[in-house]
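Here is structure-v7.txt, consisting of compact mmCIF, C-alpha atoms:
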# COMPACT_ATOMS: atom_id res chain seq x y z
CA MET A 628 48.80 -115.37 -74.06
CA SER A 629 50.97 -116.36 -77.00
CA LEU A 630 50.17 -119.66 -78.66
CA TYR A 631 50.99 -121.56 -81.79
CA SER A 632 48.40 -122.75 -84.24
CA SER A 633 48.97 -125.72 -86.47
CA PHE A 634 46.83 -126.57 -89.47
CA ARG A 635 47.92 -128.68 -92.42
CA GLY A 636 51.52 -128.52 -91.30
CA LYS A 637 51.72 -124.72 -91.05
CA ARG A 638 52.54 -123.06 -87.74
CA THR A 639 52.07 -119.38 -87.02
CA PRO A 640 51.94 -117.43 -83.74
CA ARG A 641 48.47 -116.84 -82.39
CA SER A 642 47.07 -115.07 -79.36
CA GLY A 643 43.86 -115.02 -77.36
CA SER A 644 42.96 -118.70 -77.68
CA SER A 645 43.71 -121.89 -75.76
CA SER A 646 43.52 -123.97 -78.94
CA LEU A 647 46.52 -124.94 -81.02
CA PHE A 648 44.11 -124.97 -83.99
CA PRO A 649 42.24 -121.68 -83.46
CA THR A 650 41.24 -121.35 -87.13
CA GLN A 651 38.86 -124.27 -86.59
CA ALA A 652 35.78 -124.37 -84.40
CA PRO A 653 35.53 -127.35 -82.00
CA PRO A 654 34.35 -130.39 -83.95
CA ALA A 655 31.04 -132.08 -83.28
CA SER A 656 32.83 -135.03 -81.69
CA TYR A 657 35.99 -134.92 -79.58
CA LEU A 658 37.57 -136.31 -76.42
CA ILE A 659 38.23 -134.40 -73.20
CA ALA A 660 41.15 -135.59 -71.07
CA HIS A 661 41.73 -134.44 -67.50
CA VAL A 662 45.38 -135.21 -66.77
CA ASP A 663 47.43 -135.04 -63.58
CA GLY A 664 50.71 -136.32 -62.21
CA GLY A 665 52.65 -136.19 -58.98
CA ALA A 666 55.78 -137.37 -57.19
CA ARG A 667 56.16 -138.03 -53.48
CA GLY A 668 59.28 -136.15 -52.52
CA ASN A 669 59.76 -134.52 -55.95
CA PRO A 670 61.71 -136.34 -57.14
CA GLY A 671 60.32 -139.53 -55.69
CA PRO A 672 57.82 -142.30 -56.41
CA ALA A 673 55.68 -140.87 -59.19
CA GLY A 674 52.51 -141.64 -61.11
CA HIS A 675 49.98 -140.10 -63.45
CA GLY A 676 46.21 -140.27 -63.77
CA VAL A 677 43.99 -139.50 -66.77
CA VAL A 678 40.20 -139.32 -67.00
CA ILE A 679 38.86 -139.31 -70.55
CA THR A 680 35.30 -138.40 -71.53
CA ASP A 681 33.52 -137.58 -74.76
CA GLN A 682 32.29 -134.07 -75.52
CA THR A 683 29.07 -134.72 -73.59
CA GLY A 684 30.94 -135.70 -70.40
CA HIS A 685 30.38 -139.47 -70.74
CA LYS A 686 33.42 -141.28 -69.32
CA VAL A 687 35.16 -143.52 -71.84
CA ALA A 688 38.44 -144.35 -70.06
CA ALA A 689 40.43 -143.97 -66.84
CA LEU A 690 44.22 -144.35 -67.07
CA SER A 691 46.70 -144.72 -64.23
CA GLU A 692 50.39 -145.66 -64.27
CA TYR A 693 53.26 -145.83 -61.78
CA LEU A 694 56.37 -144.14 -63.19
CA GLY A 695 59.06 -145.07 -60.70
CA HIS A 696 61.37 -142.37 -59.30
CA GLN A 697 60.58 -139.15 -61.19
CA THR A 698 59.68 -135.48 -60.71
CA ASN A 699 56.25 -133.83 -60.58
CA ASN A 700 56.78 -132.23 -63.98
CA TYR A 701 57.82 -135.53 -65.54
CA ALA A 702 54.64 -137.12 -64.18
CA GLU A 703 52.48 -134.26 -65.53
CA TYR A 704 53.96 -134.68 -69.01
CA SER A 705 53.51 -138.44 -68.80
CA GLY A 706 49.80 -137.88 -68.16
CA LEU A 707 49.56 -135.69 -71.26
CA LEU A 708 51.37 -138.29 -73.37
CA ALA A 709 49.06 -141.02 -72.07
CA ALA A 710 46.02 -138.98 -73.12
CA LEU A 711 47.47 -138.31 -76.57
CA ASP A 712 48.42 -141.95 -77.00
CA TYR A 713 44.89 -143.05 -76.08
CA ALA A 714 43.26 -140.63 -78.51
CA LEU A 715 45.50 -141.53 -81.43
CA GLY A 716 45.47 -145.24 -80.62
CA HIS A 717 41.66 -145.31 -80.70
CA GLY A 718 41.31 -143.37 -83.91
CA TYR A 719 40.28 -139.99 -82.50
CA LYS A 720 41.42 -136.85 -84.29
CA ALA A 721 40.24 -134.20 -81.83
CA LEU A 722 41.29 -133.79 -78.20
CA GLN A 723 40.86 -131.22 -75.46
CA VAL A 724 43.27 -131.53 -72.52
CA VAL A 725 42.57 -130.08 -69.07
CA ALA A 726 45.49 -129.92 -66.61
CA ASP A 727 46.23 -128.21 -63.30
CA SER A 728 49.93 -127.81 -64.10
CA GLU A 729 50.40 -124.25 -65.30
CA LEU A 730 53.95 -125.09 -66.39
CA LEU A 731 52.78 -127.93 -68.62
CA VAL A 732 49.99 -125.88 -70.19
CA LYS A 733 52.14 -122.84 -70.90
CA GLN A 734 55.02 -124.88 -72.28
CA ILE A 735 52.73 -126.71 -74.69
CA ARG A 736 51.19 -123.39 -75.69
CA GLY A 737 54.62 -121.95 -76.33
CA GLU A 738 54.40 -119.32 -73.60
CA TYR A 739 57.19 -120.88 -71.52
CA LYS A 740 60.46 -122.31 -72.81
CA VAL A 741 61.38 -125.89 -71.97
CA LYS A 742 64.83 -125.78 -70.36
CA SER A 743 65.04 -129.23 -68.78
CA PRO A 744 66.60 -131.81 -71.17
CA THR A 745 64.35 -134.51 -69.73
CA LEU A 746 61.19 -132.46 -70.16
CA LEU A 747 62.32 -131.29 -73.60
CA GLU A 748 62.26 -134.88 -74.83
CA LEU A 749 58.73 -135.36 -73.49
CA TYR A 750 57.68 -131.98 -74.90
CA GLN A 751 58.93 -132.91 -78.38
CA ARG A 752 57.09 -136.23 -78.24
CA ALA A 753 53.89 -134.46 -77.21
CA LYS A 754 54.16 -131.87 -80.00
CA LYS A 755 54.72 -134.60 -82.55
CA MET A 756 51.62 -136.47 -81.39
CA ILE A 757 49.59 -133.26 -81.30
CA GLY A 758 50.58 -132.69 -84.93
CA GLN A 759 48.79 -135.93 -85.84
CA LEU A 760 45.47 -134.55 -84.61
CA GLU A 761 43.09 -132.43 -86.63
CA TRP A 762 42.07 -130.36 -83.60
CA PHE A 763 43.67 -129.89 -80.21
CA SER A 764 43.10 -127.63 -77.22
CA ILE A 765 44.76 -127.41 -73.81
CA GLU A 766 43.60 -125.36 -70.85
CA HIS A 767 44.55 -124.81 -67.23
CA VAL A 768 42.21 -125.58 -64.34
CA LEU A 769 42.59 -125.20 -60.59
CA ARG A 770 43.35 -128.37 -58.65
CA GLY A 771 39.77 -128.55 -57.39
CA GLY A 772 38.61 -129.15 -60.95
CA ASN A 773 40.95 -132.08 -61.49
CA GLN A 774 40.24 -134.25 -58.46
CA GLU A 775 39.52 -137.57 -60.18
CA ALA A 776 42.72 -137.46 -62.24
CA ASP A 777 44.61 -136.57 -59.05
CA ARG A 778 43.04 -139.56 -57.29
CA LEU A 779 44.13 -141.89 -60.10
CA ALA A 780 47.67 -140.53 -59.95
CA ASN A 781 47.77 -141.23 -56.20
CA LEU A 782 46.41 -144.74 -56.72
CA ALA A 783 49.19 -145.41 -59.22
CA MET A 784 51.81 -144.31 -56.70
CA ASP A 785 50.19 -146.39 -53.96
CA LYS A 786 50.16 -149.48 -56.15
CA GLY A 787 53.75 -149.00 -57.23
CA MET A 788 54.89 -148.52 -53.64
CA GLY A 789 52.78 -151.38 -52.31
CA ARG A 790 50.84 -149.09 -50.01
CA SER A 791 47.22 -149.26 -48.91
CA LYS A 792 44.59 -146.58 -49.44
CA SER A 793 44.79 -145.59 -45.79
CA VAL A 794 48.50 -144.86 -46.15
CA ALA A 795 47.79 -142.89 -49.33
CA ALA A 796 45.50 -140.57 -47.43
CA ALA A 797 48.30 -139.83 -44.97
CA THR A 798 51.00 -139.39 -47.63
CA PRO A 799 50.53 -136.22 -49.71
CA THR A 800 52.29 -135.69 -53.04
CA GLY A 801 54.01 -132.67 -54.48
CA GLU A 802 51.92 -129.53 -54.02
CA ASP A 803 49.41 -131.42 -51.83
CA ALA A 804 51.98 -132.01 -49.08
CA ARG A 805 51.74 -128.57 -47.50
CA ARG A 806 47.97 -128.59 -47.71
CA SER A 807 47.81 -132.01 -46.06
CA ILE A 808 50.08 -130.89 -43.23
CA GLU A 809 48.00 -127.77 -42.65
CA GLY A 810 44.89 -129.95 -42.55
CA ALA A 811 46.54 -132.23 -40.02
CA ALA A 812 47.44 -129.24 -37.87
CA HIS A 813 43.85 -128.06 -38.04
CA THR A 814 42.62 -131.51 -37.00
CA ASN A 815 45.06 -131.52 -34.11
CA THR A 816 43.26 -128.57 -32.56
CA ALA A 817 40.73 -131.04 -31.19
CA ARG A 818 43.46 -132.79 -29.23
CA PRO A 819 44.13 -131.81 -25.62
CA PRO A 820 46.79 -129.08 -25.30
CA VAL A 821 50.09 -129.77 -23.63
CA THR A 822 49.95 -129.29 -19.86
CA PRO A 823 52.86 -128.83 -17.44
CA THR A 824 52.73 -132.58 -16.74
CA SER A 825 53.48 -133.20 -20.43
CA ARG A 826 56.82 -131.45 -20.27
CA GLY A 827 59.79 -133.77 -20.64
CA GLN A 828 57.69 -136.46 -22.29
CA GLU A 829 58.44 -138.00 -25.69
CA PHE A 830 56.07 -137.77 -28.63
CA GLN A 831 56.19 -139.55 -31.95
CA GLY A 832 56.00 -137.78 -35.28
CA VAL A 833 56.64 -138.11 -39.00
CA VAL A 834 58.37 -135.90 -41.56
CA ARG A 835 56.15 -134.81 -44.44
CA ASP A 836 57.66 -132.67 -47.18
CA GLY A 837 60.41 -131.56 -44.82
CA VAL A 838 58.05 -130.62 -41.96
CA ILE A 839 57.77 -132.61 -38.71
CA VAL A 840 54.17 -133.41 -37.81
CA ILE A 841 53.76 -134.39 -34.13
CA GLU A 842 51.38 -137.23 -33.31
CA GLY A 843 49.56 -136.76 -30.01
CA PRO A 844 48.67 -133.63 -28.02
CA LYS A 845 48.78 -130.26 -29.71
CA LEU A 846 51.95 -128.37 -28.81
CA PRO A 847 51.44 -124.63 -28.18
CA ASP A 848 53.29 -122.16 -30.36
CA GLY A 849 56.76 -121.47 -28.99
CA THR A 850 57.18 -124.90 -27.38
CA ARG A 851 60.83 -125.97 -27.54
CA VAL A 852 61.39 -129.54 -28.72
CA GLN A 853 64.36 -131.83 -29.19
CA VAL A 854 64.30 -134.18 -32.18
CA ARG A 855 65.82 -137.63 -32.16
CA VAL A 856 65.77 -139.47 -35.51
CA ARG A 857 64.90 -143.17 -35.33
CA ASP A 858 65.35 -145.77 -38.03
What would you get if you wrote out this structure as structure tokens?
Amino acid sequence: MSLYSSFRGKRTPRSGSSSLFPTQAPPASYLIAHVDGGARGNPGPAGHGVVITDQTGHKVAALSEYLGHQTNNYAEYSGLLAALDYALGHGYKALQVVADSELLVKQIRGEYKVKSPTLLELYQRAKKMIGQLEWFSIEHVLRGGNQEADRLANLAMDKGMGRSKSVAAATPTGEDARRSIEGAAHTNTARPPVTPTSRGQEFQGVVRDGVIVIEGPKLPDGTRVQVRVRD
């Protein structure tokens, strides 16, 4: 991987480290921020979630904010900015960020270029804030290692949309949409299969991330259906 190190205002290409300050060992005291963001529909109602702990894993803050109509990537960057703002605002000079957005991590590391004008503005703000720290590190983690931040991001979207927790569970965001639909299909296997007497009947369903999920009996593969959109 190709990174950039920054120490006392000097920046030189580095490789083989997830830290933007690889010439320094991790300090004795620093914050760890798990950040996540999502948008329902992408773009759509968006929010970010941030879980901040100290270096021992003791939780010190949980941040969550509804962002209005935005993209997944915008929400991910907003989570990073929220973590940086918290660290600097509370006098911390060392921060480790953990995110499940590979795009975010590699753009901050300098491995990917930032082509979107909207993201470029957020990227520049993040780099400026990172420059105010004495030590900074960012690393990528699989989604399973970022569950609490993901939960906070979903809660922010629910609150902004005026939805309950039960609706949140049925409304996936971004990359979670496909996984949620597959899970629903798996759950539907316990439902009774369609019999000849079911032919010609009407079933209700809902569109999730562009895929129609039928509510009711499981329809066998190859079943022909006619869709009528209702308001």
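You will find atom CA of A:Gly684 at 18.5 Å from atom CA of A:Leu769.
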Can I get the residues of stretch 712-750 of chain A within 12 Å of stretch 661-680 of chain A, each with the closest pair of atoms and their distance in Å to one decimal, using all atoms listed in the file, sorted chain first then ascending number, as a Markdown table?
| residue | atom | partner | partner_atom | distance |
| --- | --- | --- | --- | --- |
| A:Asp712 | CA | A:Val677 | CA | 11.4 |
| A:Tyr713 | CA | A:Ile679 | CA | 9.0 |
| A:Ala714 | CA | A:Ile679 | CA | 9.2 |
| A:Leu722 | CA | A:Ile679 | CA | 9.7 |
| A:Gln723 | CA | A:His661 | CA | 8.6 |
| A:Val724 | CA | A:His661 | CA | 6.0 |
| A:Val725 | CA | A:His661 | CA | 4.7 |
| A:Ala726 | CA | A:Val662 | CA | 5.3 |
| A:Asp727 | CA | A:Asp663 | CA | 6.9 |
| A:Ser728 | CA | A:Asp663 | CA | 7.7 |
| A:Glu729 | CA | A:Asp663 | CA | 11.3 |
| A:Leu731 | CA | A:Asp663 | CA | 10.2 |
| A:Val732 | CA | A:Val662 | CA | 11.0 |
Output the selection as a PDB file, in the coordinates of the input - C-alpha atoms for each residue.
ATOM      1  CA  ASP A 712      48.420-141.950 -77.000  1.00  0.00           C
ATOM      2  CA  TYR A 713      44.890-143.050 -76.080  1.00  0.00           C
ATOM      3  CA  ALA A 714      43.260-140.630 -78.510  1.00  0.00           C
ATOM      4  CA  LEU A 722      41.290-133.790 -78.200  1.00  0.00           C
ATOM      5  CA  GLN A 723      40.860-131.220 -75.460  1.00  0.00           C
ATOM      6  CA  VAL A 724      43.270-131.530 -72.520  1.00  0.00           C
ATOM      7  CA  VAL A 725      42.570-130.080 -69.070  1.00  0.00           C
ATOM      8  CA  ALA A 726      45.490-129.920 -66.610  1.00  0.00           C
ATOM      9  CA  ASP A 727      46.230-128.210 -63.300  1.00  0.00           C
ATOM     10  CA  SER A 728      49.930-127.810 -64.100  1.00  0.00           C
ATOM     11  CA  GLU A 729      50.400-124.250 -65.300  1.00  0.00           C
ATOM     12  CA  LEU A 731      52.780-127.930 -68.620  1.00  0.00           C
ATOM     13  CA  VAL A 732      49.990-125.880 -70.190  1.00  0.00           C
TER      14      VAL A 732
END
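Distances from A:Leu760, A:Leu782, A:Ala652, A:Ala709 to A:Ala721 were compared using all atoms listed in the file, and the smallest one belongs to A:Leu760.
The space separating atom CA of A:His696 from atom CA of A:Lys754 comes to 24.3 Å.
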- Query: So which one's closest to A:Tyr693, A:Gly789, A:Pro654, A:Gly771, A:Gly718? Using all atoms listed in the file, please.
  - Reply: A:Gly789
- Query: From the list A:Lys786, A:Arg855, A:His717, A:Arg752, which residue is nearest A:Val687 when using all atoms listed in the file?
  - Reply: A:His717
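Compared by their closest atoms to A:Ala688, and using all atoms listed in the file, the residues A:Asn700, A:Lys720, A:Leu779, A:Phe763 rank with A:Leu779 nearest.
The interatomic distance for the pair atom CA of A:Lys755 and atom CA of A:Leu707 works out to 12.5 Å.
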- Task: Have a look at A:Thr683, A:Thr698, A:Leu690, A:Ala655 and name the one nearest to A:Leu746; count all atoms listed in the file.
- Result: A:Thr698
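In terms of minimum interatomic distance to A:Tyr701, A:Leu747 ranks closest within A:Ala776, A:Ile757, A:Met788, A:Leu747, counting only C-alpha atoms.
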